[in-house]
Amino acid sequence: MAEEREPPPLHDAAQTDFTELEDGEDLFVSTVSVIEVRRYDHNDSHSLSAVSLQHKSVCPCDDEDDDDDDQDDLFAEATEEVSLDSPERQPILSDGPSPAITPVTPTVMMNPRVDAAVFDRLMEEDEDDEETPDTFDIQLSVSDPEKVGDGMNAFMVYKVTTKTSLSIFNRDEFTVKRRFSDFLGLHSKLASKYLHIGYIVPPAPEKSIVGMTKVKVGKEDLSSVEFVEKRRSALERYLMRTVKHPALLKDPDLLQFLESSELPRAVSTQALSGAGILRMVNKAADAVNKMTIKMNESDAWFEEKQQQFENLDVQLRKLHASVESLVCHRKELSVNTASFAKSAAMLGNSEDHTALSRALSQLAEVEEKIDQLHQEQAFADFYHFSELLGDYVRLLTAVKGVFDQRMKTWAKWQDAQVMLQRKREAEAKLQYANKPDKLQQAKDEIKEWEGKVQQGERDFEQISKSIRREVGRFEKDRVKDFKLVVLKYLESLVHTQQQLIKYWEAFLPEAKAIA
Amino acid sequence: MITDVSKDGDILTFAITSQKFYSSGGVCVFRTYEDFEWLQQNFFSQENVPGLQGVIFPPLPPKALPSPLNTPSKSLKQLGFLALGHDWQSYCKALEFYLQQVATHPILSKCKALDSFLTKSESPGKQRGRKGILNRLSQAVEGMRKESHRDVDDFFQKERHKNTNRAALSKAATEKILDVVLTEQKLSLACGHFSTCLHLCVNQDDEAAVAFSKICLKLSDIVEAVMRNFEKVANNNISTLGMGLDLEARYEEAEKEMLFRRTCKLIELETVKKNTEKAKANKRDVMEEVQKASEKEFSLISSVAKQEIERFHSSRVTVLRSFLVGWCEKQLDTAKECAKLYSQYLDACKNLFSE
């Protein structure tokens with residue numbers, strides 16, 4: 001579809017801009033080349049065209065009315081194209097600005113004032129969403145894990161069912177089949193788009209080589225069943241958290257993930273792929289950067305929040321470890337109770353006295369039932385607490401990542417300022433040395449860097465603002481999540497106790513009947 | 001006779017209060033474990049009691065070494081169940097049971113040593129009685145071979161077989177429930193740890209943190225309730241089912257020892273018979289006398305043993321019944337209490353969280 005279309009006038013204008021940005025923005029050049037060179041078969045662009053305001057509103061250019069549709073699709077394609085696996089993706093991964101903002105930045109050069117207006121509008125829209133939470137109506141479930149294939153190439157496929165009344169979707173209810181790497185792919189796409197503008201992107205469940213190998217090899221034992229169940233539940237929680245985020249919900253990648261029946265294989269999620277290794281390198285680079293960037297924090301709120309999150313992280317990890325040991329002991333109790341039940345049964349069998357024999361057998365049965373209860377309770381403890389705590393520990397990592405992004409943005413802004421200063425000094429020198437030809441270039445460079453400084457400042461303010469908002473949302477969600485879990489846990493406790501009472505009441509007459 | 005045992009001091013002195021049936025006054029004496037051993041010795045070495053070897057002697061719990069000489073794990077190995085329970089309670093209960101069994105035994109209660117044990121204020125443990133033959137027999141190395149010796153009486157053959165079974169099974173069951181109780185105690189500790197961790201999560205930085213702290217504190221209380229429940233359940237297990245199974249296991253061992261003694265006597269008798277048959281004419285009369293004495297002794301032992309076995313079976317059923325009923329009732333009560341508490345917490349939380 002891309003090949004049939006003429007690049008709209010905006011695109012040309014943008015292209016001329018691109019040539020000026022030789023210094024660091026290879027990004028855009030490669031983006032353009034991707035669009036022109038690569039052809040890609042995507043089935044469900046209808047979901048893309050149904051999408052948001054976001055794309056429309058960020059193209060406030062002169063040719064708005066005529067070329068809107070074209071631009072939409074073009075940029076939508078750009079988004080999709082770039083987010084897939086490609087060698088040109090690599091510079092994108094290491095640089096700051098993401099393809100989602102690609103549509104915006106070319107226009108910055110031309111309409112700096114419009115930019116602010118655009119962002120303000122975006123903010124308003126998001127805040128509107130927050131004011132009407134009741135309209136959030138989407139139910140997700142991840143179910144029916146199925147094993148596909150055999151041996152080391154086998155994988156589990158999960159059914160993702162969505163029920164919703166939201167208008168951004170085409171249907172009310174739909175189901176797709178996804179595998180684990182699809183989820184990982186979704187997360188990496190969302191992260192690369194939104195993390196650096198300060199949105200907290202919920203982290204996907206972790207890879208587990210040991211767990212998956214057991215499943216692949218075909219071991220049908222308890223631990224691999226548990227593993228699959230644990231993963232299924234984690235994937236469901238991951239998706240629910242992602243769609244709860246108002247901005248992420250509108251993302252075309254997410255929509256495609258939920259709706260389209262065929263999804264291009266996310267190869268970049270494999271640990272040993274080129275992209276995988278690049279990720280590791282980037283992580284290391286980030287760690288080094290973190291140590292070297294000394295940020296001049298002007299806003300006390302951020303400092304406080306960071307400290308709070310550090311503390312919270314420590315506390316949650318401790319809690320998580322504590323709950324894990326609790327779960328472990330419960331399982332042990334279940335094993336011991338079952339063993340005792342068997343012992344009691346044997347005693348009952350070898351007993352001559354009929355009533356006593358019967359009572360002992362009943363005792364064995366009661367203990368077996370109690371064992372079942374213990375197992376279920378362990379299950380409840382596990383899912384209600386351990387997983388929640390684990391999720392939050394990982395979420396906190398994402399939150400910290402967002403704070404780090406802000407630092408990076410700040411650093412970029414500062415770097416831009418330094419460069420500007422240098423260019424000004426260079427220009428002054430040139431003026432003194434009286435070289436008119438180079439002077440013009442210097443003046444142009446100054447202008448360019450002034451723009452960058454402004455952009456840097458705006459980016460910084462933008463990310464600060466969005467972090468504040470995201471953190472507020474995170475805190476509210478955290479309280480809600482924990483409340484829910486505590487209630488569920490209590491309910492399961494009450495239920496277990498009532499079952500226990502029934503068992504004891506049934507056993508008592510048997511015990512009394514021993515003559 | 002009613003007795004009451006309580007423990008006092010570092011060297012485990014037991015205070016025994018007893019009251020005779022027909023008198024109104026109670027007597028309280030202090031005894032140590034050595035005194036109990038002395039008593040048991042006296043039982044073993046009674047003279048002029050026909051068929052004494054046919055008696056199933058109530059089992060004395062093994063000797064307990066109090067800390068710091070003993071670590072908890074050593075105690076567990078040595079005493080099994082009796083090492084558990086707050087402040088030696090289970091151990092005391094076991095000793096009390098021993099005294100009750102002895103006092104109600106038709107043969108042993110007549111022993112004078114018992115009287116002086118229960119009433120004399122100086123402890124009798126200093127005098128070492130003769131070690132009865134019974135002790136030595138019980139520790140016989142040839143035990144294994146003699147144990148499987150074929151019996152002349154069907155009743156006894158069956159009983160020996162069943163007893164061996166029951167002894168093994170009840171020992172296994174006791175060990176298993178000990179495992180359960182230990183795990184319950186571990187769980188209780190883990191809950192306590194979790195509850196403490198939650199308590200540490202409190203901070204008042206901002207509104208969200210305050211709300212989160214409230215949740216954490218509430219959860220901490222709930223987990224503490226779970227912890228206490230585990231403690232109670234474990235204690236119930238210890239004081240009823242555990243004790244019952246432990247007693248049963250030790251009694252089966254006591255019966256085993258009695259049956260073994262009888263079997264040894266049987267072997268002795270058969271040896272004498274063989275020797276008598278082989279004996280030369282001049283010695284034959286003497287041998288026949290010995291044989292007759294042996295036969296008489298053996299039949300006395302057997303008749304006492306039969307009575308003892310029947311008595312043992314009926315009392316055993318009664319004892320187990322009372323322990324099982326007690327266990328069930330206690331666990332039921334604990335479960336009801338706990339269910340009520342959890343329901344209260346649930347309602348409170350629902351209210352708290354909806355505001």
# chains A, B, ... in the order shown; residues from 1 in each chain; ligands from 1
$ interface_residues --of "chain A" --to "chain B" --cutoff "8 Å" --atoms "only C-alpha atoms" --output "PyMOL selection string"
chain A and resi 312+315+318-319+322-323+325-326+329-330+332-333+336-337+339-340+343-344+346-347+350-351+353+356+475-476+478-479+482-483+486-487+490-491+493-494+497-498+500-501+504-505+507-508+511-512+514-515
$ write_last_selection --atoms "N, CA and C atoms" --output "compact mmCIF listing (two decimals), in the first residue's frame"
# COMPACT_ATOMS: atom_id res chain seq x y z
N LEU A 312 10.46 1.87 49.20
CA LEU A 312 9.38 0.95 48.88
C LEU A 312 9.94 -0.32 48.25
N GLN A 315 11.34 -2.54 50.90
CA GLN A 315 10.27 -3.15 51.70
C GLN A 315 9.57 -4.25 50.93
N LYS A 318 11.56 -7.41 50.69
CA LYS A 318 11.55 -8.17 51.96
C LYS A 318 10.24 -8.92 52.11
N LEU A 319 9.15 -8.22 51.84
CA LEU A 319 7.83 -8.84 51.95
C LEU A 319 7.74 -10.04 51.02
N SER A 322 9.54 -12.94 52.37
CA SER A 322 8.82 -13.50 53.51
C SER A 322 7.64 -14.36 53.05
N VAL A 323 6.90 -13.86 52.08
CA VAL A 323 5.75 -14.61 51.59
C VAL A 323 6.20 -15.90 50.91
N SER A 325 8.69 -17.75 51.66
CA SER A 325 8.99 -18.78 52.66
C SER A 325 7.71 -19.32 53.26
N LEU A 326 6.71 -18.46 53.40
CA LEU A 326 5.41 -18.89 53.91
C LEU A 326 4.80 -19.94 52.99
N HIS A 329 6.58 -23.29 53.27
CA HIS A 329 6.22 -24.07 54.46
C HIS A 329 4.85 -24.68 54.32
N ARG A 330 3.95 -23.95 53.70
CA ARG A 330 2.60 -24.49 53.51
C ARG A 330 2.64 -25.74 52.68
N GLU A 332 5.09 -27.76 52.44
CA GLU A 332 5.68 -28.80 53.29
C GLU A 332 4.61 -29.39 54.21
N LEU A 333 3.79 -28.50 54.77
CA LEU A 333 2.74 -28.96 55.67
C LEU A 333 1.80 -29.90 54.94
N ASN A 336 3.43 -33.29 54.63
CA ASN A 336 3.44 -34.00 55.91
C ASN A 336 2.07 -34.48 56.31
N THR A 337 1.06 -33.64 56.07
CA THR A 337 -0.29 -34.04 56.43
C THR A 337 -0.71 -35.25 55.62
N SER A 339 1.20 -37.53 54.36
CA SER A 339 1.96 -38.68 54.85
C SER A 339 1.34 -39.22 56.14
N PHE A 340 0.94 -38.30 57.03
CA PHE A 340 0.31 -38.72 58.27
C PHE A 340 -1.00 -39.42 57.98
N SER A 343 -0.41 -42.92 57.13
CA SER A 343 -0.04 -43.67 58.33
C SER A 343 -1.27 -44.04 59.14
N ALA A 344 -2.14 -43.06 59.33
CA ALA A 344 -3.35 -43.30 60.10
C ALA A 344 -4.22 -44.34 59.42
N MET A 346 -3.23 -46.79 57.58
CA MET A 346 -2.64 -48.12 57.80
C MET A 346 -2.96 -48.62 59.20
N LEU A 347 -2.89 -47.71 60.16
CA LEU A 347 -3.24 -48.08 61.54
C LEU A 347 -4.67 -48.57 61.60
N SER A 350 -5.09 -52.09 60.27
CA SER A 350 -4.57 -53.20 61.06
C SER A 350 -5.28 -53.34 62.40
N GLU A 351 -6.27 -52.49 62.63
CA GLU A 351 -6.94 -52.48 63.91
C GLU A 351 -8.08 -53.48 63.94
N HIS A 353 -10.43 -53.85 66.53
CA HIS A 353 -11.64 -53.27 67.09
C HIS A 353 -12.34 -52.46 66.01
N LEU A 356 -12.97 -48.59 66.53
CA LEU A 356 -11.70 -47.85 66.53
C LEU A 356 -11.11 -47.82 65.13
N GLU A 475 0.40 5.35 42.28
CA GLU A 475 0.12 5.26 43.71
C GLU A 475 -1.33 4.84 43.93
N LYS A 476 -2.23 5.47 43.17
CA LYS A 476 -3.64 5.11 43.35
C LYS A 476 -3.86 3.65 43.02
N ARG A 478 -1.74 1.27 43.11
CA ARG A 478 -1.09 0.40 44.10
C ARG A 478 -2.03 0.17 45.27
N VAL A 479 -2.62 1.27 45.76
CA VAL A 479 -3.51 1.13 46.91
C VAL A 479 -4.70 0.23 46.55
N PHE A 482 -3.66 -3.56 46.24
CA PHE A 482 -3.42 -4.22 47.51
C PHE A 482 -4.71 -4.42 48.29
N LYS A 483 -5.58 -3.43 48.23
CA LYS A 483 -6.86 -3.58 48.93
C LYS A 483 -7.58 -4.82 48.42
N VAL A 486 -5.96 -8.07 49.60
CA VAL A 486 -6.17 -8.38 51.02
C VAL A 486 -7.59 -8.92 51.22
N LEU A 487 -8.54 -8.31 50.55
CA LEU A 487 -9.92 -8.79 50.68
C LEU A 487 -10.05 -10.23 50.19
N LEU A 490 -8.51 -12.63 52.68
CA LEU A 490 -9.38 -12.82 53.84
C LEU A 490 -10.54 -13.75 53.51
N GLU A 491 -11.12 -13.52 52.34
CA GLU A 491 -12.25 -14.37 51.95
C GLU A 491 -11.82 -15.82 51.86
N LEU A 493 -9.39 -17.20 53.49
CA LEU A 493 -9.15 -17.68 54.86
C LEU A 493 -10.45 -18.10 55.52
N VAL A 494 -11.45 -17.23 55.39
CA VAL A 494 -12.74 -17.53 56.01
C VAL A 494 -13.31 -18.82 55.43
N GLN A 497 -11.52 -21.91 56.80
CA GLN A 497 -11.90 -22.20 58.18
C GLN A 497 -13.27 -22.86 58.25
N GLN A 498 -14.19 -22.35 57.45
CA GLN A 498 -15.54 -22.92 57.49
C GLN A 498 -15.53 -24.36 57.01
N LEU A 500 -13.00 -26.40 57.36
CA LEU A 500 -12.39 -27.14 58.46
C LEU A 500 -13.43 -27.49 59.50
N ILE A 501 -14.26 -26.50 59.84
CA ILE A 501 -15.29 -26.73 60.85
C ILE A 501 -16.18 -27.87 60.42
N TRP A 504 -14.40 -31.23 60.97
CA TRP A 504 -14.30 -31.63 62.37
C TRP A 504 -15.66 -32.06 62.91
N GLU A 505 -16.69 -31.31 62.53
CA GLU A 505 -18.02 -31.67 63.02
C GLU A 505 -18.44 -33.03 62.51
N PHE A 507 -16.37 -35.49 61.92
CA PHE A 507 -15.54 -36.53 62.54
C PHE A 507 -15.95 -36.79 63.98
N LEU A 508 -16.41 -35.77 64.67
CA LEU A 508 -16.67 -35.89 66.11
C LEU A 508 -17.58 -37.08 66.46
N ALA A 511 -15.67 -40.31 66.33
CA ALA A 511 -14.76 -40.51 67.46
C ALA A 511 -15.53 -40.90 68.70
N LYS A 512 -16.69 -40.25 68.90
CA LYS A 512 -17.46 -40.53 70.11
C LYS A 512 -18.05 -41.93 70.05
N ILE A 514 -16.76 -44.66 69.33
CA ILE A 514 -15.89 -45.78 69.68
C ILE A 514 -16.32 -46.31 71.04
N ALA A 515 -16.74 -47.52 71.08
CA ALA A 515 -17.24 -48.05 72.35
C ALA A 515 -16.14 -48.75 73.10
$ atom_distance --atom1 "CA of Ser261 in chain A" --atom2 "CA of Val176 in chain A"
5.5 Å
$ residues_around --residues "range 294-300 of chain B" --least-positions-apart "3" --cutoff "12 Å" --atoms "only C-alpha atoms" --output "ChimeraX atom specification"
/B:48-55,152-153,259,261-273,276,287-291,303-307
$ atom_distance --atom1 "CA of Val485 in chain A" --atom2 "CA of Leu388 in chain A"
8.1 Å
$ closest_residue --among "B:Lys232, B:His199, B:Lys63, B:Arg316" --to "Leu217 in chain B" --atoms "only C-alpha atoms"
B:His199
$ residues_around --residues "Ile138 in chain A" --least-positions-apart "5" --cutoff "7 Å" --atoms "only C-alpha atoms" --output "PDB file with all heavy atoms, in the first residue's frame"
ATOM      1  N   LYS A 163     -13.305  -8.536  25.913  1.00  0.00           N
ATOM      2  CA  LYS A 163     -14.716  -8.140  25.842  1.00  0.00           C
ATOM      3  C   LYS A 163     -14.759  -6.666  26.168  1.00  0.00           C
ATOM      4  O   LYS A 163     -14.306  -6.244  27.231  1.00  0.00           O
ATOM      5  CB  LYS A 163     -15.509  -8.869  26.931  1.00  0.00           C
ATOM      6  CG  LYS A 163     -15.917 -10.258  26.585  1.00  0.00           C
ATOM      7  CD  LYS A 163     -17.074 -10.708  27.473  1.00  0.00           C
ATOM      8  CE  LYS A 163     -17.150 -12.215  27.465  1.00  0.00           C
ATOM      9  NZ  LYS A 163     -16.895 -12.859  28.694  1.00  0.00           N
ATOM     10  N   THR A 164     -15.287  -5.881  25.270  1.00  0.00           N
ATOM     11  CA  THR A 164     -15.243  -4.459  25.565  1.00  0.00           C
ATOM     12  C   THR A 164     -16.358  -3.719  24.867  1.00  0.00           C
ATOM     13  O   THR A 164     -16.922  -4.189  23.878  1.00  0.00           O
ATOM     14  CB  THR A 164     -13.898  -3.878  25.120  1.00  0.00           C
ATOM     15  OG1 THR A 164     -13.909  -2.474  25.320  1.00  0.00           O
ATOM     16  CG2 THR A 164     -13.669  -4.157  23.654  1.00  0.00           C
ATOM     17  N   SER A 165     -16.647  -2.547  25.388  1.00  0.00           N
ATOM     18  CA  SER A 165     -17.611  -1.707  24.707  1.00  0.00           C
ATOM     19  C   SER A 165     -16.947  -0.423  24.213  1.00  0.00           C
ATOM     20  O   SER A 165     -17.598   0.484  23.756  1.00  0.00           O
ATOM     21  CB  SER A 165     -18.761  -1.367  25.652  1.00  0.00           C
ATOM     22  OG  SER A 165     -18.253  -0.639  26.742  1.00  0.00           O
TER      23      SER A 165
END
